[in-house]
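File shown here: model-v4.cif, holding mmCIF, C-alpha atoms.
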```cif
data_protein
loop_
_atom_site.label_atom_id
_atom_site.label_comp_id
_atom_site.auth_asym_id
_atom_site.auth_seq_id
_atom_site.Cartn_x
_atom_site.Cartn_y
_atom_site.Cartn_z
CA MET A 1135 -13.88 -5.00 -22.42
CA ILE A 1136 -13.43 -7.83 -19.91
CA THR A 1137 -16.30 -9.39 -18.01
CA THR A 1138 -15.95 -9.72 -14.27
CA PRO A 1139 -18.44 -11.67 -12.10
CA LEU A 1140 -19.47 -9.29 -9.34
CA ASP A 1141 -19.49 -12.13 -6.81
CA SER A 1142 -15.88 -13.12 -7.49
CA ALA A 1143 -12.98 -12.01 -5.32
CA ILE A 1144 -10.16 -13.64 -7.28
CA LEU A 1145 -8.38 -12.70 -10.48
CA ASN A 1146 -8.61 -15.77 -12.68
CA SER A 1147 -7.66 -14.72 -16.21
CA LYS A 1148 -4.82 -12.99 -17.98
CA GLU A 1149 -7.14 -10.14 -18.90
CA GLN A 1150 -8.14 -9.56 -15.28
CA TYR A 1151 -4.53 -9.52 -14.09
CA VAL A 1152 -3.58 -6.96 -16.75
CA PHE A 1153 -6.72 -4.89 -16.07
CA TYR A 1154 -6.28 -4.86 -12.28
CA HIS A 1155 -2.58 -4.01 -12.42
CA LYS A 1156 -3.10 -1.18 -14.90
CA MET A 1157 -5.92 0.20 -12.75
CA VAL A 1158 -3.89 0.16 -9.51
CA ASP A 1159 -0.87 1.63 -11.30
CA PHE A 1160 -2.96 4.42 -12.82
CA VAL A 1161 -4.88 5.27 -9.65
CA LEU A 1162 -1.85 5.36 -7.32
CA LYS A 1163 0.04 7.63 -9.74
CA GLU A 1164 -3.01 9.90 -10.01
CA LEU A 1165 -3.28 9.85 -6.22
CA ILE A 1166 0.30 11.09 -5.77
CA VAL A 1167 -0.43 14.04 -8.08
CA SER A 1168 -3.70 14.83 -6.29
CA VAL A 1169 -2.13 14.62 -2.81
CA GLN A 1170 0.48 17.13 -3.97
CA GLN A 1171 -2.06 19.47 -5.57
CA GLU A 1172 -4.30 19.40 -2.50
CA GLN A 1173 -1.26 19.94 -0.24
CA LEU A 1174 -2.15 17.01 1.98
CA CYS A 1175 1.58 16.33 2.44
CA SER A 1176 4.67 18.48 2.57
CA HIS A 1177 7.20 18.16 -0.25
CA GLN A 1178 9.42 15.92 1.87
CA GLU A 1179 6.48 13.73 2.90
CA LEU A 1180 5.33 13.47 -0.71
CA LEU A 1181 8.69 12.09 -1.87
CA ILE A 1182 8.47 9.42 0.82
CA PHE A 1183 4.81 8.75 -0.08
CA LYS A 1184 5.90 8.09 -3.68
CA GLN A 1185 8.68 5.70 -2.59
CA TYR A 1186 6.28 3.53 -0.59
CA SER A 1187 3.74 3.64 -3.43
CA ASP A 1188 6.45 2.43 -5.83
CA LEU A 1189 7.09 -0.57 -3.56
CA LEU A 1190 3.38 -1.35 -3.58
CA LEU A 1191 3.19 -1.11 -7.39
CA TYR A 1192 6.32 -3.23 -7.78
CA SER A 1193 4.78 -5.95 -5.59
CA ILE A 1194 1.47 -5.98 -7.48
CA GLU A 1195 3.35 -6.19 -10.80
CA ALA A 1196 5.28 -9.18 -9.38
CA MET A 1197 1.93 -10.80 -8.50
CA ARG A 1198 0.72 -10.23 -12.05
CA ILE A 1199 3.76 -12.02 -13.48
CA LYS A 1200 3.54 -14.80 -10.91
CA TYR A 1201 -0.14 -15.67 -11.39
CA MET A 1202 -0.96 -14.76 -14.98
CA TYR A 1203 -0.62 -18.29 -16.41
CA ASP A 1204 -0.95 -20.27 -13.17
CA GLU A 1205 -3.83 -22.74 -13.50
CA GLU A 1206 -3.75 -23.84 -9.86
CA ASP A 1207 -3.68 -20.56 -7.91
CA ASN A 1208 -5.25 -17.12 -8.35
CA MET A 1209 -4.47 -13.81 -6.74
CA LYS A 1210 -7.04 -12.83 -4.12
CA VAL A 1211 -8.44 -9.32 -3.78
CA ASP A 1212 -9.41 -8.86 -0.17
CA LEU A 1213 -13.04 -9.19 0.91
CA THR A 1214 -12.75 -6.72 3.79
CA ASP A 1215 -12.82 -2.92 3.43
CA SER A 1216 -9.82 -2.90 1.10
CA GLY A 1217 -9.88 -3.51 -2.68
CA PHE A 1218 -6.14 -4.32 -2.48
CA PRO A 1219 -4.59 -7.80 -2.61
CA ASN A 1220 -4.93 -9.84 0.57
CA TYR A 1221 -1.92 -9.35 2.88
CA LEU A 1222 -1.01 -13.03 2.45
CA GLU A 1223 -0.21 -12.36 -1.22
CA PHE A 1224 2.67 -10.10 -0.14
CA ARG A 1225 3.84 -12.76 2.31
CA TYR A 1226 3.76 -15.39 -0.45
CA LEU A 1227 5.90 -13.17 -2.67
CA TYR A 1228 8.45 -12.64 0.08
CA ASN A 1229 8.57 -16.34 0.95
CA ASP A 1230 8.87 -17.37 -2.71
CA LEU A 1231 11.91 -15.20 -3.16
CA GLU A 1232 13.48 -16.61 0.02
CA LEU A 1233 13.57 -19.93 -1.87
CA LYS A 1234 14.48 -18.36 -5.21
CA ASN A 1235 17.60 -20.46 -5.87
CA GLU A 1236 15.78 -23.69 -5.10
CA TYR A 1237 12.96 -22.86 -7.55
CA VAL A 1238 15.27 -21.59 -10.32
CA GLU A 1239 17.18 -24.90 -10.38
CA LYS A 1240 13.93 -26.76 -11.15
CA LEU A 1241 12.89 -24.51 -14.05
CA THR A 1242 13.47 -25.35 -17.70
CA GLY A 1243 16.41 -23.38 -19.07
CA LYS A 1244 15.59 -20.07 -20.74
CA GLU A 1245 17.32 -20.96 -24.02
CA THR A 1246 15.63 -24.37 -24.18
CA LEU A 1247 12.23 -22.78 -23.69
CA GLN A 1248 12.95 -20.14 -26.34
CA LYS A 1249 13.77 -22.86 -28.89
CA GLU A 1250 10.54 -24.70 -28.03
CA PHE A 1251 8.54 -21.49 -28.51
CA LEU A 1252 10.13 -20.75 -31.88
CA ASN A 1253 9.59 -24.31 -33.04
CA THR A 1254 5.92 -24.22 -32.00
CA LEU A 1255 5.22 -20.81 -33.56
CA LEU A 1256 7.25 -21.06 -36.78
CA LYS A 1257 7.27 -24.76 -37.66
CA THR A 1258 4.09 -26.31 -36.31
CA ARG A 1259 2.25 -22.92 -36.29
CA GLN A 1260 0.41 -23.81 -33.09
CA PRO A 1261 -0.35 -21.52 -30.12
CA ILE A 1262 1.92 -21.83 -27.09
CA LYS A 1263 0.39 -24.10 -24.45
CA ARG A 1264 -0.58 -22.50 -21.16
CA ASP A 1265 1.80 -24.63 -19.09
CA LYS A 1266 4.70 -23.43 -21.25
CA LEU A 1267 3.61 -19.82 -20.80
CA PHE A 1268 3.51 -20.45 -17.05
CA GLN A 1269 7.09 -21.79 -17.21
CA ALA A 1270 8.19 -18.66 -19.09
CA ALA A 1271 6.42 -16.39 -16.59
CA SER A 1272 8.10 -18.28 -13.73
CA ILE A 1273 11.52 -17.70 -15.28
CA VAL A 1274 10.79 -13.97 -15.55
CA TYR A 1275 9.38 -13.91 -12.02
CA TYR A 1276 12.28 -15.61 -10.26
CA ASN A 1277 15.00 -13.94 -12.31
CA SER A 1278 13.71 -10.37 -12.30
CA VAL A 1279 11.78 -9.80 -9.05
CA ASN A 1280 13.95 -8.47 -6.22
CA GLN A 1281 12.91 -9.37 -2.68
CA ARG A 1282 14.26 -6.03 -1.40
CA TYR A 1283 11.52 -4.13 -3.24
CA ILE A 1284 8.55 -6.17 -2.03
CA PHE A 1285 6.10 -4.20 0.11
CA ASN A 1286 6.62 -6.21 3.27
CA LYS A 1287 4.46 -6.21 6.40
CA PHE A 1288 6.71 -3.46 7.78
CA VAL A 1289 9.02 -1.15 5.81
CA GLN A 1290 11.30 1.26 7.66
CA GLY A 1291 12.36 4.62 6.23
CA LYS A 1292 15.49 6.59 7.07
CA ILE A 1293 15.97 9.29 9.69
CA VAL A 1294 16.31 12.62 7.89
CA GLU A 1295 16.66 16.27 8.79
CA THR A 1296 13.60 18.41 8.21
CA PRO A 1297 13.32 21.81 6.49
CA LYS A 1298 13.14 24.97 8.57
CA ASN A 1299 9.83 25.75 10.28
CA SER A 1300 8.93 22.05 10.49
CA HIS A 1301 7.33 20.44 13.52
CA ALA A 1302 10.75 19.24 14.75
CA ASN A 1303 14.38 18.94 13.66
CA LEU A 1304 14.24 15.30 12.54
CA MET A 1305 11.77 12.98 10.88
CA THR A 1306 11.51 9.30 10.14
CA SER A 1307 8.89 7.34 8.27
CA TRP A 1308 7.63 3.80 8.07
CA SER A 1309 4.95 1.88 6.25
CA PHE A 1310 3.03 -1.28 7.05
CA TYR A 1311 0.40 -3.52 5.50
CA ASP A 1312 -2.16 -4.14 8.19
CA VAL A 1313 -3.32 -7.75 8.61
CA SER A 1314 -6.82 -6.85 9.81
CA THR A 1315 -7.72 -4.18 7.24
CA ASN A 1316 -5.54 -5.45 4.35
CA ARG A 1317 -4.55 -1.90 3.50
CA PRO A 1318 -1.19 -0.09 3.32
CA TYR A 1319 -0.43 2.71 5.80
CA ILE A 1320 2.30 5.35 5.62
CA CYS A 1321 3.49 7.04 8.83
CA TYR A 1322 5.70 10.02 9.62
CA MET A 1323 7.15 10.93 13.00
CA TYR A 1324 8.75 14.34 13.63
CA PHE A 1325 11.00 14.46 16.68
CA ASN A 1326 13.80 16.33 18.42
CA TYR A 1327 17.00 14.80 19.79
CA ASP A 1328 19.22 16.45 22.38
CA GLY A 1329 22.31 14.35 21.73
CA THR A 1330 25.04 14.92 19.17
CA ARG A 1331 24.57 11.86 16.91
CA VAL A 1332 21.02 10.68 16.39
CA LEU A 1333 22.31 7.79 14.27
CA ASP A 1334 23.63 6.25 17.50
CA GLU A 1335 19.96 5.81 18.45
CA LYS A 1336 18.90 4.63 14.98
CA GLU A 1337 18.65 0.90 15.65
CA GLY A 1338 16.75 1.47 18.88
CA ILE A 1339 14.27 3.78 17.17
CA TYR A 1340 13.73 1.34 14.31
CA LYS A 1341 13.24 -1.58 16.72
CA VAL A 1342 10.60 0.28 18.75
CA LEU A 1343 8.70 1.39 15.64
CA LYS A 1344 8.64 -2.14 14.22
CA GLU A 1345 7.42 -3.61 17.51
CA THR A 1346 5.02 -0.82 18.48
CA ALA A 1347 3.72 0.85 15.31
CA ASP A 1348 3.25 -1.96 12.79
CA ARG A 1349 -0.56 -2.19 12.88
CA ASP A 1350 -3.71 -0.09 12.79
CA MET A 1351 -4.43 1.30 16.28
CA ALA A 1352 -5.50 4.54 17.95
CA LEU A 1353 -2.84 7.06 16.99
CA ASP A 1354 -2.56 8.63 20.45
CA THR A 1355 -1.98 5.15 21.90
CA MET A 1356 0.76 4.56 19.36
CA ALA A 1357 2.34 7.95 20.13
CA TYR A 1358 2.34 7.36 23.89
CA SER A 1359 3.89 3.91 23.49
CA ILE A 1360 6.66 5.22 21.19
CA ASP A 1361 7.37 8.11 23.57
CA ARG A 1362 7.56 5.81 26.61
CA LYS A 1363 9.93 3.34 24.90
CA LEU A 1364 12.27 6.01 23.46
CA PRO A 1365 13.26 8.25 26.41
CA LYS A 1366 16.19 9.82 24.52
CA ILE A 1367 14.08 11.38 21.78
CA GLU A 1368 11.20 13.84 21.93
CA PRO A 1369 8.37 13.06 19.46
CA LYS A 1370 6.45 16.20 18.48
CA TYR A 1371 4.09 15.19 15.68
CA ILE A 1372 2.93 11.88 14.20
CA LYS A 1373 0.97 11.59 10.96
CA ARG A 1374 -0.55 8.41 9.55
CA ILE A 1375 -2.02 8.02 6.07
CA ASP A 1376 -4.44 5.12 5.55
CA LEU A 1377 -4.50 4.21 1.84
CA GLY A 1378 -7.89 2.84 0.94
CA PRO A 1379 -10.33 1.36 0.58
CA PHE A 1380 -9.78 1.23 -3.18
CA HIS A 1381 -13.34 1.02 -4.50
CA ASN A 1382 -13.40 -0.89 -7.79
CA VAL A 1383 -15.12 -3.76 -9.60
CA PHE A 1384 -12.92 -6.34 -7.85
CA ALA A 1385 -13.73 -5.09 -4.32
CA LYS A 1386 -16.40 -7.03 -2.43
CA ASP A 1387 -16.64 -5.17 0.88
CA GLU A 1388 -19.60 -3.66 2.73
CA ASN A 1389 -18.44 -0.08 2.16
CA GLU A 1390 -21.22 2.21 0.93
CA ILE A 1391 -19.03 3.78 -1.77
CA THR A 1392 -18.03 0.34 -3.07
CA HIS A 1393 -21.68 -0.75 -3.15
CA ALA A 1394 -22.70 2.39 -5.05
CA ILE A 1395 -20.02 1.75 -7.68
CA LEU A 1396 -20.81 -1.97 -8.01
CA ALA A 1397 -24.53 -1.21 -8.34
CA GLY A 1398 -23.79 1.41 -11.00
CA ILE A 1399 -21.65 -1.06 -12.95
CA ALA A 1400 -24.29 -3.80 -12.66
CA LYS A 1401 -26.95 -1.41 -14.03
CA LYS A 1402 -24.53 -0.29 -16.78
CA GLU A 1403 -24.86 3.31 -15.59
CA ILE A 1404 -21.07 3.59 -15.31
CA PRO A 1405 -18.30 1.63 -17.08
CA LEU A 1406 -16.50 -1.41 -15.67
CA GLU A 1407 -13.32 0.59 -15.07
CA SER A 1408 -15.04 3.02 -12.69
CA TYR A 1409 -13.30 3.60 -9.35
CA ALA A 1410 -13.02 5.78 -6.28
CA PHE A 1411 -10.24 5.91 -3.72
CA SER A 1412 -10.65 6.70 -0.03
CA LEU A 1413 -7.80 8.10 2.03
CA LYS A 1414 -7.68 8.94 5.74
CA ILE A 1415 -5.13 11.09 7.54
CA ASP A 1416 -4.79 10.93 11.32
CA GLU A 1417 -2.55 13.41 13.14
CA VAL A 1418 -1.51 13.88 16.75
CA PHE A 1419 0.64 16.64 18.31
CA SER A 1420 2.58 16.78 21.57
CA GLY A 1421 2.21 19.78 23.85
CA ASP A 1422 3.10 19.97 27.53
CA THR A 1423 5.15 17.32 29.32
CA PHE A 1424 4.67 15.34 32.53
CA LYS A 1425 6.75 13.03 34.70
CA GLU A 1426 6.03 9.30 34.83
CA GLY A 1427 7.65 6.57 36.92
CA GLY A 1428 8.97 6.03 40.44
CA PHE A 1429 10.81 8.48 42.68
CA PHE A 1430 14.26 7.45 41.41
CA SER A 1431 13.34 6.68 37.80
CA LYS A 1432 11.09 9.43 36.51
CA GLN A 1433 10.77 9.87 32.75
CA THR A 1434 9.62 13.03 30.99
CA MET A 1435 6.67 12.19 28.75
CA GLN A 1436 4.72 14.16 26.17
CA LYS A 1437 1.07 15.11 26.58
CA TRP A 1438 -0.65 14.28 23.31
CA SER A 1439 -3.51 16.15 21.68
CA ASP A 1440 -6.76 14.53 20.63
CA VAL A 1441 -6.36 12.71 17.33
CA ILE A 1442 -7.27 14.88 14.33
CA LYS A 1443 -9.05 12.66 11.81
CA GLN A 1444 -9.66 13.68 8.21
CA LYS A 1445 -11.30 11.62 5.44
CA TYR A 1446 -10.93 12.21 1.71
CA VAL A 1447 -12.37 10.61 -1.43
CA PHE A 1448 -10.75 10.80 -4.87
CA ALA A 1449 -12.74 9.90 -7.99
CA PRO A 1450 -13.49 10.87 -11.61
CA HIS A 1451 -16.27 13.39 -12.28
CA ARG A 1452 -18.94 10.84 -13.24
CA ILE A 1453 -18.32 8.83 -10.06
CA ILE A 1454 -18.46 11.95 -7.89
CA GLN A 1455 -21.88 12.68 -9.38
CA LEU A 1456 -22.98 9.10 -8.66
CA LEU A 1457 -21.81 9.33 -5.04
CA HIS A 1458 -23.60 12.65 -4.51
CA ASN A 1459 -26.81 10.95 -5.68
CA GLN A 1460 -26.36 7.60 -3.90
CA VAL A 1461 -24.40 8.25 -0.68
CA PRO A 1462 -24.57 12.00 0.11
CA ARG A 1463 -24.28 11.44 3.87
CA VAL A 1464 -20.94 9.67 3.41
CA LEU A 1465 -19.61 12.67 1.48
CA ASP A 1466 -20.81 15.04 4.22
CA GLU A 1467 -18.27 13.42 6.57
CA LEU A 1468 -15.29 14.30 4.36
CA ALA A 1469 -12.71 16.95 5.26
CA LYS A 1470 -13.35 18.56 1.86
CA LYS A 1471 -15.54 17.83 -1.14
CA PRO A 1472 -14.52 14.81 -3.28
CA ILE A 1473 -11.25 15.44 -5.11
CA LEU A 1474 -11.34 15.07 -8.89
CA MET A 1475 -9.11 12.50 -10.59
CA ALA A 1476 -8.87 11.42 -14.22
CA ASP A 1477 -10.94 8.59 -15.74
CA PHE A 1478 -9.19 5.26 -16.12
CA LYS A 1479 -9.54 3.98 -19.68
#
```

Let me see the file written as structure tokens.
Amino acid sequence: MITTPLDSAILNSKEQYVFYHKMVDFVLKELIVSVQQEQLCSHQELLIFKQYSDLLLYSIEAMRIKYMYDEEDNMKVDLTDSGFPNYLEFRYLYNDLELKNEYVEKLTGKETLQKEFLNTLLKTRQPIKRDKLFQAASIVYYNSVNQRYIFNKFVQGKIVETPKNSHANLMTSWSFYDVSTNRPYICYMYFNYDGTRVLDEKEGIYKVLKETADRDMALDTMAYSIDRKLPKIEPKYIKRIDLGPFHNVFAKDENEITHAILAGIAKKEIPLESYAFSLKIDEVFSGDTFKEGGFFSKQTMQKWSDVIKQKYVFAPHRIIQLLHNQVPRVLDELAKKPILMADFK
């Protein structure tokens, strides 16, 4: 069992890096299963949800390798309503790998380091020094981590056809890591296209989404802006999934669920590995249309519904009991009762 100061927001030991990564990995995989079982996403949406989650897990694993033996820097878990790494950590990863070749040239050769390790362990029978372990981790980091798979500030999905009886004929997705909330978001847009080749509009669609829908904002505002900037397509339904906060021992936010869990851990009522995961789904639908613009340049626009907002909490049985006792009013605001997930051990 590792000890974690409740007033600390950084991971500063090998044990904490391993613990945090295993916890995030476990919880996100459990979340995918639960989202499917609760039918919060269609089958097509779920496959995309998993792809973005894999990018997030890949990035956090890269952080674990990068920082585990680093004596100068530590990975920061965000202090806002998050529980995930600070958004700058993802930026640092991306920037590091931009300069990959420059860093690799400065590293001790892999074979040389292996010989030093064998000599230390077999001949002198001494433990490997931390700076040497950091060198080895750096070699693994720069030679194995692929920049393409880092969860960047904005990640664009493909345009795909949708199954029959969907909201529209086509769908695209995107994901972003919001700077203000330090949480990942996954978005889906269903739309129709009257032309013959939607791929001719692909670059324009991607450009508008990256410029217009890369941050947390009112979903109807986002929908209107996308609709106005893309006159050749007809958006019909937009869905946004807000992943988090991830309530765990490393989170230090003001969220009532986080506080209940931290208090329970401090009083030793629940184990250190206790967690809960909040998830929010916002949806907006288009209905009638209206004309906007001048006499000679009118554009047909969609009228959007009020935003449908739904909150969910996922947690193991013991934590659900704790939350019912400590924060019942928070649970009353959920779209359905807390959703059961497995204990992390």

Give me, as number ranges by chain, all polymer residues having an atom no more than 12 Å from Ile1415 in chain A, counting only C-alpha atoms and skipping those fewer than 2 positions away in the same chain. A: 1169, 1174-1175, 1319-1322, 1353, 1372-1378, 1412-1413, 1417-1418, 1441-1447, 1468-1469

Spatial neighbours of range 1269-1279 of chain A, 7 Å, all atoms listed in the file, chain gap at least 6 places, as a compact mmCIF listing (two decimals) with C-alpha atoms, in the coordinates of the input:
```
# COMPACT_ATOMS: atom_id res chain seq x y z
CA ALA A 1196 5.28 -9.18 -9.38
CA ILE A 1199 3.76 -12.02 -13.48
CA LYS A 1200 3.54 -14.80 -10.91
CA LYS A 1234 14.48 -18.36 -5.21
CA VAL A 1238 15.27 -21.59 -10.32
```

What residues come out when you apply the PyMOL selection byres ((chain A and resi 1309-1311) around 7) to this file, written as a PDB file with C-alpha atoms, in the coordinates of the input?
```pdb
ATOM      1  CA  TYR A1221      -1.920  -9.350   2.880  1.00  0.00           C
ATOM      2  CA  LYS A1287       4.460  -6.210   6.400  1.00  0.00           C
ATOM      3  CA  PHE A1288       6.710  -3.460   7.780  1.00  0.00           C
ATOM      4  CA  VAL A1289       9.020  -1.150   5.810  1.00  0.00           C
ATOM      5  CA  GLN A1290      11.300   1.260   7.660  1.00  0.00           C
ATOM      6  CA  TRP A1308       7.630   3.800   8.070  1.00  0.00           C
ATOM      7  CA  ASP A1312      -2.160  -4.140   8.190  1.00  0.00           C
ATOM      8  CA  VAL A1313      -3.320  -7.750   8.610  1.00  0.00           C
ATOM      9  CA  ASN A1316      -5.540  -5.450   4.350  1.00  0.00           C
ATOM     10  CA  ARG A1317      -4.550  -1.900   3.500  1.00  0.00           C
ATOM     11  CA  PRO A1318      -1.190  -0.090   3.320  1.00  0.00           C
ATOM     12  CA  TYR A1319      -0.430   2.710   5.800  1.00  0.00           C
ATOM     13  CA  ILE A1320       2.300   5.350   5.620  1.00  0.00           C
ATOM     14  CA  CYS A1321       3.490   7.040   8.830  1.00  0.00           C
ATOM     15  CA  ASP A1348       3.250  -1.960  12.790  1.00  0.00           C
ATOM     16  CA  ARG A1349      -0.560  -2.190  12.880  1.00  0.00           C
TER      17      ARG A1349
END
```

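Using all atoms listed in the file, the shortest contact distance between Glu1223 in chain A and any of A:Val1161, A:Asp1477, A:Glu1426, A:Asn1286 is found at A:Asn1286.
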
Residue among A:Gln1178, A:Thr1315, A:Thr1254, A:Gln1170 lying closest to Glu1295 in chain A, counting all atoms listed in the file: A:Gln1178

Return as a short mmCIF file (atom, residue, chain, number, x, y, z; two decimals) with C-alpha atoms, in the coordinates of the input the set of residues that the PyMOL selection byres ((chain A and resi 1360) around 8) yields on the displayed structure.
```cif
data_model
loop_
_atom_site.label_atom_id
_atom_site.label_comp_id
_atom_site.auth_asym_id
_atom_site.auth_seq_id
_atom_site.Cartn_x
_atom_site.Cartn_y
_atom_site.Cartn_z
CA VAL A 1342 10.60 0.28 18.75
CA LEU A 1343 8.70 1.39 15.64
CA THR A 1346 5.02 -0.82 18.48
CA ALA A 1347 3.72 0.85 15.31
CA MET A 1356 0.76 4.56 19.36
CA ALA A 1357 2.34 7.95 20.13
CA TYR A 1358 2.34 7.36 23.89
CA SER A 1359 3.89 3.91 23.49
CA ASP A 1361 7.37 8.11 23.57
CA ARG A 1362 7.56 5.81 26.61
CA LYS A 1363 9.93 3.34 24.90
CA LEU A 1364 12.27 6.01 23.46
#
```

Among the residues A:Lys1163, A:Lys1298, A:Lys1386, A:His1451, the one that comes closest to Gln1185 in chain A [using all atoms listed in the file]: A:Lys1163

Atomic separation - CA of Leu1162 in chain A relative to CA of Ala1449 in chain A, Å: 11.8 Å

Mind giving me the axis-aligned box for range 1415-1419 of chain A with 4 Å on every side, centre plus edges in Å to one decimal, as lines of an AutoDock Vina configuration file?
```
center_x = -2.2
center_y = 13.8
center_z = 12.9
size_x = 13.8
size_y = 13.7
size_z = 18.8
```

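Going from CA of Val1464 in chain A over to CA of Leu1406 in chain A, you cover 22.5 Å.
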
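For the set A:Leu1474, A:Ala1385, A:Leu1231, A:Leu1181, the residue with the smallest atom-to-atom gap to Ser1307 in chain A is A:Leu1181, counting only C-alpha atoms.
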
Taking the file as I've supplied it (selection: the PyMOL selection byres ((chain A and resi 1368) around 7)), which residues are included? Please answer as a ChimeraX atom specification. /A:1325-1327,1366-1367,1369-1370

Top pick for closest residue to Ala1352 in chain A, considering A:Asn1146, A:Phe1419, A:Asp1440, A:Glu1232 and counting only C-alpha atoms: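 Of all the options, A:Asp1440 lies closest to Ala1352 in chain A.
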
At most 12 Å from (-23.3, 0.7, -12.2), file frame, only C-alpha atoms: which residues, as a PyMOL selection string? chain A and resi 1140+1382-1383+1391-1409+1452-1453+1456-1457+1460

Please measure the separation of CA of Asp1188 in chain A and CA of Phe1153 in chain A, giving the value in Å to one decimal.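 These atoms are spaced 18.2 Å apart.
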
Step by step: start from the point (4.4, 10.5, -2.6) in the file's coordinates, keep every protein, DNA or RNA residue that has an atom no farther than 7 Å from it, count only C-alpha atoms, and write the set as a compact mmCIF listing (two decimals) with C-alpha atoms, in the frame of the given file.
```
# COMPACT_ATOMS: atom_id res chain seq x y z
CA ILE A 1166 0.30 11.09 -5.77
CA GLU A 1179 6.48 13.73 2.90
CA LEU A 1180 5.33 13.47 -0.71
CA LEU A 1181 8.69 12.09 -1.87
CA ILE A 1182 8.47 9.42 0.82
CA PHE A 1183 4.81 8.75 -0.08
CA LYS A 1184 5.90 8.09 -3.68
CA GLN A 1185 8.68 5.70 -2.59
CA SER A 1187 3.74 3.64 -3.43
```

Taking all atoms listed in the file into account, name the residue in A:Pro1365, A:Tyr1154, A:Leu1255, A:Lys1344 that is nearest to Gly1329 in chain A. A:Pro1365

Write out as JSON, numbers by chain each polymer residue whose atoms come within 6 Å of range 1201-1215 of chain A, counting all atoms listed in the file; drop sequence neighbours fewer than 6 positions from it. {"A": [1143, 1144, 1145, 1146, 1148, 1268, 1379, 1386, 1387]}

Could range 1471-1475 of chain A be completed with all heavy atoms and written as a PDB file, in the frame of the given file, please?
```pdb
ATOM      1  N   LYS A1471     -14.721  18.498  -0.126  1.00  0.00           N
ATOM      2  CA  LYS A1471     -15.540  17.830  -1.140  1.00  0.00           C
ATOM      3  C   LYS A1471     -14.682  16.842  -1.934  1.00  0.00           C
ATOM      4  O   LYS A1471     -13.442  16.974  -1.985  1.00  0.00           O
ATOM      5  CB  LYS A1471     -16.166  18.868  -2.078  1.00  0.00           C
ATOM      6  CG  LYS A1471     -15.175  19.673  -2.893  1.00  0.00           C
ATOM      7  CD  LYS A1471     -15.911  20.714  -3.728  1.00  0.00           C
ATOM      8  CE  LYS A1471     -14.898  21.506  -4.584  1.00  0.00           C
ATOM      9  NZ  LYS A1471     -15.581  22.527  -5.407  1.00  0.00           N
ATOM     10  N   PRO A1472     -15.308  15.816  -2.554  1.00  0.00           N
ATOM     11  CA  PRO A1472     -14.520  14.810  -3.280  1.00  0.00           C
ATOM     12  C   PRO A1472     -13.543  15.444  -4.265  1.00  0.00           C
ATOM     13  O   PRO A1472     -13.870  16.440  -4.929  1.00  0.00           O
ATOM     14  CB  PRO A1472     -15.600  14.001  -4.015  1.00  0.00           C
ATOM     15  CG  PRO A1472     -16.808  14.133  -3.152  1.00  0.00           C
ATOM     16  CD  PRO A1472     -16.750  15.527  -2.585  1.00  0.00           C
ATOM     17  N   ILE A1473     -12.351  14.871  -4.317  1.00  0.00           N
ATOM     18  CA  ILE A1473     -11.250  15.440  -5.110  1.00  0.00           C
ATOM     19  C   ILE A1473     -11.235  14.758  -6.482  1.00  0.00           C
ATOM     20  O   ILE A1473     -11.246  13.522  -6.582  1.00  0.00           O
ATOM     21  CB  ILE A1473      -9.922  15.229  -4.368  1.00  0.00           C
ATOM     22  CG1 ILE A1473      -9.960  16.009  -3.036  1.00  0.00           C
ATOM     23  CG2 ILE A1473      -8.753  15.710  -5.226  1.00  0.00           C
ATOM     24  CD1 ILE A1473      -8.881  15.607  -2.057  1.00  0.00           C
ATOM     25  N   LEU A1474     -11.233  15.558  -7.516  1.00  0.00           N
ATOM     26  CA  LEU A1474     -11.340  15.070  -8.890  1.00  0.00           C
ATOM     27  C   LEU A1474     -10.065  14.383  -9.355  1.00  0.00           C
ATOM     28  O   LEU A1474      -8.962  14.915  -9.188  1.00  0.00           O
ATOM     29  CB  LEU A1474     -11.677  16.223  -9.829  1.00  0.00           C
ATOM     30  CG  LEU A1474     -11.876  15.894 -11.311  1.00  0.00           C
ATOM     31  CD1 LEU A1474     -13.132  15.021 -11.493  1.00  0.00           C
ATOM     32  CD2 LEU A1474     -11.994  17.169 -12.132  1.00  0.00           C
ATOM     33  N   MET A1475     -10.228  13.201  -9.940  1.00  0.00           N
ATOM     34  CA  MET A1475      -9.110  12.500 -10.590  1.00  0.00           C
ATOM     35  C   MET A1475      -9.546  12.121 -11.998  1.00  0.00           C
ATOM     36  O   MET A1475     -10.742  12.143 -12.329  1.00  0.00           O
ATOM     37  CB  MET A1475      -8.690  11.264  -9.804  1.00  0.00           C
ATOM     38  CG  MET A1475      -8.082  11.593  -8.436  1.00  0.00           C
ATOM     39  SD  MET A1475      -6.710  10.511  -7.953  1.00  0.00           S
ATOM     40  CE  MET A1475      -7.500   8.927  -7.797  1.00  0.00           C
TER      41      MET A1475
END
```
